[in-house]
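Structure file run26.txt (compact mmCIF, C-alpha atoms) follows.
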# COMPACT_ATOMS: atom_id res chain seq x y z
CA MET A 43 -28.93 28.00 -5.95
CA ALA A 44 -28.24 30.47 -3.13
CA ALA A 45 -27.03 27.50 -1.07
CA TYR A 46 -24.03 27.15 -3.39
CA ASP A 47 -21.07 29.41 -4.07
CA CYS A 48 -20.41 27.52 -7.31
CA ASP A 49 -21.42 24.41 -9.21
CA VAL A 50 -18.06 22.62 -9.21
CA LEU A 51 -15.00 22.87 -7.01
CA VAL A 52 -11.75 21.56 -8.50
CA ILE A 53 -8.92 20.94 -6.04
CA GLY A 54 -5.51 21.37 -7.67
CA ALA A 55 -4.20 23.76 -10.33
CA GLY A 56 -1.88 21.37 -12.08
CA ILE A 57 -2.40 20.62 -15.74
CA VAL A 58 -5.15 18.03 -15.12
CA GLY A 59 -7.13 20.30 -12.78
CA LEU A 60 -6.90 23.28 -15.11
CA SER A 61 -7.74 21.16 -18.15
CA THR A 62 -10.83 19.94 -16.29
CA ALA A 63 -11.88 23.52 -15.49
CA HIS A 64 -11.36 24.56 -19.11
CA ALA A 65 -13.34 21.57 -20.40
CA LEU A 66 -16.20 22.22 -17.97
CA THR A 67 -16.60 25.84 -19.05
CA ARG A 68 -16.61 24.79 -22.71
CA ALA A 69 -18.95 21.83 -22.25
CA ALA A 70 -21.50 23.69 -20.13
CA PRO A 71 -21.46 27.48 -20.72
CA GLY A 72 -22.47 29.34 -17.59
CA ILE A 73 -21.37 26.59 -15.21
CA ARG A 74 -19.71 28.10 -12.15
CA VAL A 75 -16.29 26.55 -11.55
CA VAL A 76 -13.79 27.39 -8.81
CA VAL A 77 -10.28 25.91 -8.77
CA LEU A 78 -8.53 25.87 -5.38
CA GLU A 79 -4.73 25.64 -5.29
CA LYS A 80 -2.63 25.69 -2.14
CA GLU A 81 0.45 27.14 -3.88
CA ASP A 82 0.78 30.74 -5.04
CA GLY A 83 0.73 29.77 -8.71
CA ALA A 84 -0.18 27.00 -11.14
CA ALA A 85 1.82 23.91 -12.09
CA ARG A 86 4.22 24.00 -9.12
CA HIS A 87 4.63 20.24 -8.71
CA GLN A 88 4.37 17.34 -11.21
CA THR A 89 3.31 19.56 -14.12
CA GLY A 90 6.14 22.04 -13.76
CA ARG A 91 8.87 19.60 -12.74
CA ASN A 92 9.01 17.04 -15.54
CA SER A 93 11.13 16.68 -18.67
CA GLY A 94 8.50 18.25 -20.91
CA VAL A 95 8.08 15.24 -23.22
CA ILE A 96 4.93 14.89 -25.32
CA HIS A 97 4.68 11.10 -25.22
CA SER A 98 3.64 9.12 -28.29
CA GLY A 99 1.82 6.38 -26.34
CA ILE A 100 4.07 3.55 -27.54
CA TYR A 101 4.78 2.16 -24.06
CA TYR A 102 1.17 1.59 -23.02
CA PRO A 103 -0.88 -1.57 -23.69
CA PRO A 104 -3.60 -1.24 -26.34
CA GLY A 105 -6.94 -0.45 -24.76
CA SER A 106 -5.44 0.97 -21.56
CA LEU A 107 -6.43 4.43 -20.45
CA LYS A 108 -2.85 5.63 -20.83
CA ALA A 109 -2.69 4.40 -24.42
CA ARG A 110 -6.06 5.81 -25.43
CA PHE A 111 -5.54 9.22 -23.89
CA ALA A 112 -1.85 9.57 -24.78
CA LEU A 113 -2.42 8.69 -28.43
CA ARG A 114 -5.22 11.22 -28.68
CA GLY A 115 -3.63 13.75 -26.36
CA SER A 116 -0.23 13.94 -28.05
CA ALA A 117 -1.73 15.23 -31.30
CA GLU A 118 -4.06 17.58 -29.43
CA MET A 119 -1.19 18.92 -27.33
CA VAL A 120 0.84 19.84 -30.39
CA LYS A 121 -2.20 21.55 -31.91
CA PHE A 122 -2.87 23.42 -28.65
CA CYS A 123 0.73 24.65 -28.52
CA VAL A 124 0.52 25.85 -32.13
CA GLU A 125 -2.77 27.67 -31.54
CA HIS A 126 -1.54 29.43 -28.41
CA ASP A 127 2.07 30.06 -29.45
CA ILE A 128 3.52 27.86 -26.70
CA PRO A 129 7.12 26.67 -27.21
CA HIS A 130 7.16 23.12 -28.56
CA GLU A 131 8.88 20.88 -31.09
CA VAL A 132 8.05 17.48 -32.60
CA THR A 133 11.48 15.87 -32.54
CA GLY A 134 10.76 12.16 -32.60
CA LYS A 135 12.73 9.93 -30.26
CA LEU A 136 15.01 6.91 -30.23
CA ILE A 137 14.49 3.92 -27.94
CA VAL A 138 17.87 2.22 -27.85
CA ALA A 139 18.86 -1.33 -26.87
CA THR A 140 22.41 -1.45 -25.51
CA GLU A 141 22.40 -5.15 -24.50
CA ARG A 142 21.23 -8.28 -26.31
CA ALA A 143 18.84 -9.13 -23.47
CA GLU A 144 16.90 -5.96 -24.34
CA LEU A 145 16.30 -6.89 -27.99
CA PRO A 146 13.13 -8.96 -27.41
CA ARG A 147 11.57 -6.09 -25.44
CA LEU A 148 12.57 -3.66 -28.19
CA HIS A 149 10.89 -5.86 -30.79
CA GLY A 150 7.81 -5.99 -28.59
CA LEU A 151 7.69 -2.19 -28.59
CA ILE A 152 7.94 -2.18 -32.38
CA GLN A 153 4.87 -4.40 -32.57
CA ARG A 154 3.01 -2.28 -30.04
CA GLY A 155 3.83 0.90 -31.94
CA ARG A 156 2.43 -0.63 -35.11
CA GLU A 157 -0.71 -1.73 -33.27
CA HIS A 158 -1.17 1.89 -32.20
CA GLY A 159 -0.64 3.12 -35.75
CA LEU A 160 2.48 5.07 -34.83
CA PRO A 161 5.26 5.88 -37.32
CA VAL A 162 7.91 3.44 -36.07
CA ARG A 163 11.19 2.75 -37.86
CA GLU A 164 13.66 0.01 -36.94
CA LEU A 165 17.32 1.10 -36.82
CA GLY A 166 20.69 -0.61 -36.78
CA PRO A 167 23.86 0.93 -35.29
CA ALA A 168 24.72 2.94 -38.42
CA GLN A 169 21.19 4.31 -38.65
CA ILE A 170 21.23 5.26 -34.96
CA ALA A 171 24.28 7.41 -35.74
CA GLU A 172 22.35 9.23 -38.49
CA TYR A 173 19.94 10.53 -35.84
CA GLU A 174 22.31 10.74 -32.87
CA PRO A 175 26.02 10.55 -33.80
CA GLU A 176 27.18 10.23 -30.17
CA VAL A 177 24.67 7.55 -29.11
CA ARG A 178 25.68 3.89 -29.21
CA GLY A 179 23.42 0.84 -29.28
CA LEU A 180 22.85 -2.58 -30.83
CA ALA A 181 19.49 -1.57 -32.28
CA ALA A 182 16.84 1.10 -31.84
CA ILE A 183 13.46 2.28 -32.96
CA HIS A 184 12.56 5.80 -34.01
CA VAL A 185 9.11 7.06 -33.02
CA GLY A 186 8.23 10.09 -35.11
CA THR A 187 5.37 11.59 -33.08
CA THR A 188 7.21 12.27 -29.80
CA GLY A 189 8.00 15.89 -28.98
CA VAL A 190 8.70 18.40 -26.24
CA CYS A 191 6.88 21.43 -24.91
CA ASP A 192 6.57 23.68 -21.88
CA PHE A 193 3.80 22.00 -19.86
CA GLY A 194 3.86 24.76 -17.26
CA ALA A 195 2.98 27.26 -20.00
CA VAL A 196 0.25 24.92 -21.23
CA ALA A 197 -1.27 24.74 -17.74
CA ARG A 198 -1.21 28.50 -17.32
CA GLN A 199 -2.89 28.97 -20.70
CA LEU A 200 -5.59 26.47 -19.79
CA GLY A 201 -6.17 28.48 -16.60
CA ARG A 202 -6.47 31.71 -18.57
CA LEU A 203 -8.94 30.17 -21.01
CA ALA A 204 -11.04 28.78 -18.16
CA GLN A 205 -11.11 32.17 -16.46
CA GLU A 206 -12.09 33.89 -19.71
CA ASP A 207 -15.07 31.54 -19.78
CA GLY A 208 -16.08 32.41 -16.22
CA ALA A 209 -14.11 30.08 -13.96
CA ARG A 210 -12.21 31.35 -10.93
CA VAL A 211 -8.74 30.10 -10.01
CA VAL A 212 -7.84 30.88 -6.41
CA PHE A 213 -4.24 30.47 -5.22
CA GLY A 214 -2.99 30.16 -1.64
CA GLU A 215 -6.07 28.15 -0.60
CA GLU A 216 -5.15 24.81 0.98
CA VAL A 217 -8.12 22.56 1.62
CA THR A 218 -8.20 21.31 5.21
CA THR A 219 -11.79 20.09 5.70
CA ILE A 220 -14.39 18.57 3.38
CA ALA A 221 -17.98 17.89 4.39
CA ARG A 222 -20.85 16.72 2.26
CA ARG A 223 -24.57 16.28 2.47
CA PRO A 224 -26.96 15.05 -0.21
CA GLY A 225 -26.52 17.33 -3.20
CA ARG A 226 -23.89 19.56 -1.60
CA VAL A 227 -20.17 19.64 -0.79
CA ALA A 228 -18.57 22.16 1.57
CA VAL A 229 -14.84 22.81 1.73
CA ARG A 230 -12.92 24.83 4.32
CA THR A 231 -9.43 26.13 3.58
CA ALA A 232 -6.52 26.85 5.90
CA GLY A 233 -7.43 30.55 5.79
CA GLY A 234 -10.94 29.81 7.06
CA THR A 235 -12.76 30.40 3.78
CA VAL A 236 -15.72 28.10 3.10
CA HIS A 237 -16.71 27.13 -0.45
CA ARG A 238 -20.00 25.33 -1.15
CA ALA A 239 -20.57 23.48 -4.38
CA ARG A 240 -22.78 20.87 -5.99
CA ALA A 241 -19.82 18.66 -6.93
CA LEU A 242 -16.11 18.31 -6.21
CA VAL A 243 -13.28 17.11 -8.47
CA ASN A 244 -10.12 15.96 -6.71
CA CYS A 245 -7.05 16.69 -8.88
CA ALA A 246 -4.68 17.09 -5.93
CA GLY A 247 -1.87 14.98 -7.39
CA LEU A 248 0.60 14.18 -4.63
CA HIS A 249 -2.17 14.69 -2.07
CA CYS A 250 -5.09 13.09 -3.92
CA ASP A 251 -5.47 10.12 -1.55
CA ARG A 252 -5.39 12.44 1.46
CA VAL A 253 -8.09 14.64 -0.11
CA ALA A 254 -10.22 11.55 -0.82
CA ARG A 255 -9.98 10.56 2.84
CA LEU A 256 -10.84 14.12 3.92
CA ALA A 257 -14.03 13.69 1.91
CA GLY A 258 -14.85 10.49 3.79
CA ASP A 259 -13.95 8.14 0.94
CA ALA A 260 -11.64 5.13 1.21
CA PRO A 261 -9.52 5.21 -1.96
CA GLY A 262 -8.03 1.74 -1.45
CA MET A 263 -4.56 2.98 -2.41
CA ARG A 264 -1.92 5.35 -1.16
CA ILE A 265 0.35 7.79 -2.92
CA VAL A 266 3.96 6.73 -2.37
CA PRO A 267 6.19 9.58 -3.59
CA PHE A 268 9.24 8.83 -5.75
CA ARG A 269 11.72 11.61 -6.45
CA GLY A 270 13.07 11.86 -9.97
CA GLU A 271 16.58 13.34 -9.87
CA TYR A 272 17.84 15.11 -12.99
CA PHE A 273 21.05 16.57 -14.32
CA THR A 274 21.64 18.80 -17.31
CA LEU A 275 24.55 18.60 -19.70
CA ALA A 276 26.97 21.50 -19.44
CA PRO A 277 25.99 24.07 -22.12
CA GLU A 278 29.20 23.54 -24.07
CA ARG A 279 28.44 19.80 -24.22
CA ALA A 280 24.73 20.03 -25.08
CA GLY A 281 25.57 19.32 -28.73
CA LEU A 282 26.18 15.68 -27.79
CA VAL A 283 22.41 15.12 -27.94
CA ARG A 284 20.21 16.23 -30.82
CA GLY A 285 16.78 15.11 -29.62
CA LEU A 286 15.27 12.47 -27.31
CA VAL A 287 17.01 9.19 -26.45
CA TYR A 288 15.50 6.52 -24.18
CA PRO A 289 16.66 3.11 -23.00
CA VAL A 290 14.41 0.06 -23.41
CA PRO A 291 12.16 0.19 -20.32
CA ASP A 292 12.01 -2.54 -17.70
CA PRO A 293 8.39 -3.76 -17.71
CA ALA A 294 8.64 -4.72 -14.03
CA PHE A 295 8.92 -1.08 -12.97
CA PRO A 296 6.84 1.96 -14.04
CA PHE A 297 9.80 4.26 -14.62
CA LEU A 298 11.40 4.64 -18.04
CA GLY A 299 15.03 4.70 -16.90
CA VAL A 300 17.70 7.34 -17.37
CA HIS A 301 17.06 9.10 -20.67
CA LEU A 302 18.33 12.12 -22.60
CA THR A 303 15.95 14.97 -23.44
CA ARG A 304 16.73 18.11 -25.42
CA GLY A 305 14.13 20.62 -24.23
CA VAL A 306 12.50 23.53 -26.00
CA ASP A 307 15.19 25.85 -24.61
CA GLY A 308 18.01 23.73 -26.09
CA SER A 309 19.25 22.40 -22.76
CA VAL A 310 19.67 18.63 -22.36
CA HIS A 311 18.09 16.99 -19.32
CA ILE A 312 19.44 13.65 -18.18
CA GLY A 313 17.45 11.43 -15.83
CA PRO A 314 15.47 10.74 -13.86
CA ASN A 315 17.01 8.61 -11.17
CA ALA A 316 13.99 7.36 -9.18
CA VAL A 317 14.33 7.12 -5.38
CA PRO A 318 11.85 7.18 -2.49
CA ALA A 319 11.07 10.72 -1.35
CA LEU A 320 10.99 11.46 2.37
CA ALA A 321 8.02 13.79 1.93
CA ARG A 322 5.29 14.17 -0.66
CA GLU A 323 7.03 17.31 -1.83
CA GLY A 324 10.49 16.01 -0.98
CA TYR A 325 12.57 17.42 -3.81
CA ASP A 326 15.88 16.62 -2.08
CA TRP A 327 17.22 14.38 0.68
CA ARG A 328 17.09 17.25 3.18
CA THR A 329 13.30 17.62 2.95
CA VAL A 330 11.75 15.31 5.53
CA ARG A 331 8.20 15.55 6.84
CA PRO A 332 7.94 13.04 9.70
CA ALA A 333 4.16 12.58 9.55
CA GLU A 334 4.20 11.93 5.80
CA LEU A 335 7.21 9.63 6.06
CA ALA A 336 5.55 7.71 8.89
CA GLY A 337 2.45 7.30 6.73
CA THR A 338 4.54 5.86 3.89
CA LEU A 339 6.53 3.55 6.18
CA GLY A 340 3.37 2.40 7.95
CA TYR A 341 1.66 1.42 4.71
CA PRO A 342 1.91 -2.31 3.95
CA GLY A 343 2.21 -1.65 0.23
CA SER A 344 5.47 0.26 0.76
CA TRP A 345 7.21 -2.73 2.35
CA ARG A 346 5.89 -5.06 -0.33
CA ILE A 347 7.33 -2.76 -3.01
CA ALA A 348 10.67 -2.83 -1.20
CA ARG A 349 10.72 -6.63 -1.03
CA ARG A 350 9.68 -7.00 -4.66
CA HIS A 351 11.99 -4.39 -6.19
CA TRP A 352 14.90 -4.16 -3.76
CA ARG A 353 17.56 -4.85 -6.41
CA TYR A 354 16.22 -2.17 -8.72
CA GLY A 355 15.84 0.24 -5.80
CA ALA A 356 19.37 -0.39 -4.56
CA GLY A 357 20.73 0.58 -7.97
CA GLU A 358 18.67 3.77 -8.01
CA LEU A 359 19.87 4.71 -4.51
CA HIS A 360 23.47 4.02 -5.50
CA ARG A 361 23.16 6.35 -8.51
CA SER A 362 21.50 8.97 -6.30
CA LEU A 363 24.44 8.99 -3.88
CA SER A 364 27.21 8.58 -6.46
CA ARG A 365 27.57 10.89 -9.45
CA SER A 366 30.13 8.54 -10.96
CA ALA A 367 27.60 5.68 -10.82
CA PHE A 368 24.98 7.90 -12.43
CA THR A 369 27.49 8.86 -15.13
CA GLU A 370 28.12 5.20 -15.88
CA ALA A 371 24.38 4.69 -16.43
CA VAL A 372 24.37 7.64 -18.83
CA ARG A 373 27.43 6.33 -20.67
CA ARG A 374 25.53 3.18 -21.66
CA LEU A 375 23.68 5.41 -24.15
CA LEU A 376 26.11 8.31 -24.47
CA PRO A 377 29.72 7.06 -24.18
CA ALA A 378 31.15 10.56 -24.58
CA ALA A 379 29.49 11.80 -21.37
CA ARG A 380 31.89 12.66 -18.52
CA GLU A 381 31.15 13.15 -14.87
CA GLU A 382 32.13 16.82 -15.08
CA ASP A 383 29.57 17.33 -17.87
CA LEU A 384 26.65 16.75 -15.49
CA ARG A 385 25.17 19.74 -13.67
CA PRO A 386 22.48 19.25 -10.98
CA ALA A 387 18.98 20.22 -12.10
CA PRO A 388 15.67 20.60 -10.21
CA ALA A 389 14.07 17.31 -9.20
CA GLY A 390 10.46 16.23 -9.53
CA VAL A 391 8.31 13.93 -7.42
CA ARG A 392 6.08 11.31 -9.03
CA ALA A 393 2.75 10.73 -7.29
CA GLN A 394 2.66 6.95 -7.61
CA ALA A 395 -0.47 5.13 -6.47
CA VAL A 396 0.30 1.87 -4.68
CA LEU A 397 -2.22 -0.80 -3.70
CA PRO A 398 -2.01 -2.50 -0.27
CA ASP A 399 -0.48 -5.62 -1.85
CA GLY A 400 2.44 -3.55 -3.17
CA THR A 401 1.20 -3.32 -6.75
CA LEU A 402 2.31 -0.14 -8.45
CA VAL A 403 -0.79 1.10 -10.28
CA ASP A 404 0.32 1.19 -13.90
CA ASP A 405 -2.70 2.84 -15.52
CA PHE A 406 -4.57 6.03 -14.79
CA LEU A 407 -6.91 5.44 -11.85
CA PHE A 408 -10.12 7.36 -11.23
CA ALA A 409 -13.01 6.82 -8.84
CA GLU A 410 -16.45 8.28 -8.19
CA SER A 411 -18.51 8.62 -5.07
CA PRO A 412 -21.69 10.67 -4.52
CA GLY A 413 -20.98 14.22 -5.64
CA MET A 414 -17.28 13.59 -6.26
CA ILE A 415 -14.76 12.46 -8.83
CA HIS A 416 -11.26 11.56 -7.63
CA VAL A 417 -8.21 11.41 -9.91
CA LEU A 418 -6.11 8.91 -7.97
CA ASN A 419 -3.24 8.01 -10.30
CA ALA A 420 -2.20 10.46 -13.01
CA PRO A 421 1.58 10.47 -13.36
CA SER A 422 3.26 10.48 -16.78
CA PRO A 423 1.82 10.61 -19.44
CA ALA A 424 -0.95 12.64 -17.78
CA ALA A 425 0.49 15.95 -19.01
CA THR A 426 0.47 14.64 -22.59
CA ALA A 427 -3.05 13.27 -22.08
CA SER A 428 -4.39 16.21 -20.08
CA LEU A 429 -6.78 17.57 -22.72
CA PRO A 430 -8.78 14.34 -23.23
CA ILE A 431 -8.60 13.59 -19.49
CA GLY A 432 -10.09 17.01 -18.73
CA ARG A 433 -12.91 16.49 -21.21
CA GLU A 434 -13.76 13.08 -19.83
CA VAL A 435 -13.87 14.35 -16.25
CA ALA A 436 -16.02 17.26 -17.43
CA ARG A 437 -18.43 14.87 -19.14
CA ARG A 438 -18.81 12.87 -15.96
CA VAL A 439 -19.35 15.99 -13.86
CA THR A 440 -22.05 17.38 -16.15
CA ARG A 441 -23.77 14.00 -16.19
CA LEU A 442 -23.57 13.88 -12.40
CA LEU A 443 -25.20 17.31 -12.17
CA GLY A 444 -27.72 16.75 -14.96
CA ILE A 445 -26.37 19.68 -16.97
CA PRO A 446 -26.78 19.46 -20.77
CA GLU A 447 -23.46 19.66 -22.58
CA ARG A 448 -22.88 21.98 -25.51
CA ALA A 449 -19.41 20.90 -26.58
CA ALA A 450 -18.65 17.46 -27.97
CA THR A 451 -16.56 15.39 -25.61
CA ASP A 452 -14.62 12.19 -26.12
CA GLU A 453 -16.46 9.54 -28.05
CA GLY A 454 -16.10 5.81 -28.07
CA PRO A 455 -17.11 3.07 -25.66
CA GLY A 456 -16.09 2.92 -22.07
CA GLY A 457 -15.15 6.45 -21.10
CA PHE A 458 -12.78 6.06 -18.18
CA GLY A 459 -13.70 2.41 -17.96
CA GLY A 460 -11.64 1.93 -14.81
CA LEU A 461 -13.81 3.92 -12.41
CA GLY A 462 -14.52 1.86 -9.35
CA GLY A 463 -11.81 -0.62 -10.38
CA PRO A 464 -8.76 -1.64 -8.33
CA GLY A 465 -8.23 0.88 -5.60
CA GLY A 466 -11.40 2.77 -6.48
CA PHE A 467 -14.88 2.76 -5.06
CA ALA A 468 -18.18 2.48 -6.85
CA GLY A 469 -20.36 5.55 -7.02

Please express the file's structure as structure tokens.
Amino acid sequence: MAAYDCDVLVIGAGIVGLSTAHALTRAAPGIRVVVLEKEDGAARHQTGRNSGVIHSGIYYPPGSLKARFALRGSAEMVKFCVEHDIPHEVTGKLIVATERAELPRLHGLIQRGREHGLPVRELGPAQIAEYEPEVRGLAAIHVGTTGVCDFGAVARQLGRLAQEDGARVVFGEEVTTIARRPGRVAVRTAGGTVHRARALVNCAGLHCDRVARLAGDAPGMRIVPFRGEYFTLAPERAGLVRGLVYPVPDPAFPFLGVHLTRGVDGSVHIGPNAVPALAREGYDWRTVRPAELAGTLGYPGSWRIARRHWRYGAGELHRSLSRSAFTEAVRRLLPAAREEDLRPAPAGVRAQAVLPDGTLVDDFLFAESPGMIHVLNAPSPAATASLPIGREVARRVTRLLGIPERAATDEGPGGFGGLGGPGGFAG
């Protein structure tokens, strides 16, 4: 054991990485876990820059990883917030059809919600007004299990719990080199520190494909970053929205469209508008990293996305550059909204896995190779699903290392099921 500094290295201190560390320390007491994070704190990217919605799982096909883990994770997330006094609220949400062409998709969601066993109620215009007096639509559904919380606070609490159980979380340590030999992985950081472990878990989010390649693996996909641009309603106008209001999603694109979210602090977020980011951490148009942009532009999948979704993308770009156009999109749901009501809010960047043929990976995507587990696609609803995801990764790590588990982990057939699937590699 002297050849190792720890048993498991986890790269990334977002909510998935910290949930994995927490689950490992609970599943195998005494296991030595080190989490490496390049930023100076936890949850600085996807985890800390989203709308804070605890998703019900209604959007995701039965049997998919997103459905299974979101359905389980939403209830667990509420329980976790209660136990650790983290701000949260189960508000329910409306999914509203504003055009007749959307009604068949809305009815499809009703059926899917019932298949999932979710409390779904169909609403007409008058009933919509009972929930949201200022929202207009032809029909809607109310999903009772959706809520909001502070996912950044959840991630930090998971980090504290992992450290109480013996894990170490090290900030300001960017991984630059990964080498492996049979039974051992060595990682060097930008500061020159070397960490040796028996296994590595890649939870690097926006950089997960790059980390996989550093390790010598070919992930078969690339992260193409999409910036989600948000506004907030002016405080004096926040009363226009009581809870959560979503449009009927377009099944051809993985984004949910411009929606209205009353957060735990009472502020109302509006967005996101999804546009290509010019850097993996490109939170505005001014942030350009030429090497990263060249990698995106040089990837065949990026051009195939552009050809396939150019109409949708043109609309998103137009709303990004024109506040009046964005306001018009908001007014489809909230007619009382005015351009002057919208205040710019911090943006987020979605780490979207894209296959070489231009397919946007819709489900969670994970892959194994000797001594490693890579989390290759974990955008929304990964925060909602983070607790069961962490346990499942922990189960696979302990099995990889031959360590008996104490704590019960997720049951049921299949586990991740998709390991080694499209874009992955067999271990």

Pick out the residues sitting within 9 Å of Asp399 (chain A), and hand them over as a ChimeraX atom specification; count all atoms listed in the file, and ignore anything fewer than 4 positions along from it in its own chain. /A:342-344,346-347

Write out as a tab-separated table the residues of region 88-111 of chain A that have any atom within 10 Å of an atom of region 410-432 of chain A, one row each with the nearest atom pair and its distance in Å to one decimal, counting only C-alpha atoms, sorted by chain and then rising number.
residue	atom	partner	partner_atom	distance
A:Gln88	CA	A:Pro421	CA	7.7
A:Thr89	CA	A:Ala425	CA	6.7
A:Gly90	CA	A:Ala425	CA	9.8
A:Asn92	CA	A:Ser422	CA	8.8
A:Gly94	CA	A:Ala425	CA	8.5
A:Val95	CA	A:Thr426	CA	7.7
A:Ile96	CA	A:Thr426	CA	5.2
A:His97	CA	A:Thr426	CA	6.1
A:Ser98	CA	A:Thr426	CA	8.5
A:Gly99	CA	A:Pro423	CA	8.1
A:Tyr102	CA	A:Pro423	CA	9.7
A:Leu107	CA	A:Ile431	CA	9.5
A:Lys108	CA	A:Pro423	CA	7.0
A:Ala109	CA	A:Pro423	CA	9.1
A:Arg110	CA	A:Ala427	CA	8.7
A:Phe111	CA	A:Ala427	CA	5.1

Those residues you just picked out, can you put them in a file as an mmCIF file, in the coordinates of the input with C-alpha atoms?
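Saved result, part03.cif, follows:
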data_model
loop_
_atom_site.group_PDB
_atom_site.id
_atom_site.type_symbol
_atom_site.label_atom_id
_atom_site.label_comp_id
_atom_site.auth_asym_id
_atom_site.auth_seq_id
_atom_site.Cartn_x
_atom_site.Cartn_y
_atom_site.Cartn_z
ATOM 1 C CA GLN A 88 4.370 17.340 -11.210
ATOM 2 C CA THR A 89 3.310 19.560 -14.120
ATOM 3 C CA GLY A 90 6.140 22.040 -13.760
ATOM 4 C CA ASN A 92 9.010 17.040 -15.540
ATOM 5 C CA GLY A 94 8.500 18.250 -20.910
ATOM 6 C CA VAL A 95 8.080 15.240 -23.220
ATOM 7 C CA ILE A 96 4.930 14.890 -25.320
ATOM 8 C CA HIS A 97 4.680 11.100 -25.220
ATOM 9 C CA SER A 98 3.640 9.120 -28.290
ATOM 10 C CA GLY A 99 1.820 6.380 -26.340
ATOM 11 C CA TYR A 102 1.170 1.590 -23.020
ATOM 12 C CA LEU A 107 -6.430 4.430 -20.450
ATOM 13 C CA LYS A 108 -2.850 5.630 -20.830
ATOM 14 C CA ALA A 109 -2.690 4.400 -24.420
ATOM 15 C CA ARG A 110 -6.060 5.810 -25.430
ATOM 16 C CA PHE A 111 -5.540 9.220 -23.890
#

For CA of Ala336 (chain A) and CA of Pro314 (chain A), determine how far apart the two atoms are, in Å to one decimal place.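 Distance reported for this atom pair: 25.0 Å.
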
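With only C-alpha atoms as the atoms that count, the residue of A:Glu278, A:Asp404, A:Glu172, A:Glu271 with the shortest distance to Asp383 (chain A) is A:Glu278.
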
Atom-to-atom span, CA of Glu131 (chain A) and CA of Met119 (chain A), Å: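 Straight-line distance from CA of Glu131 (chain A) to CA of Met119 (chain A) works out to 10.9 Å.
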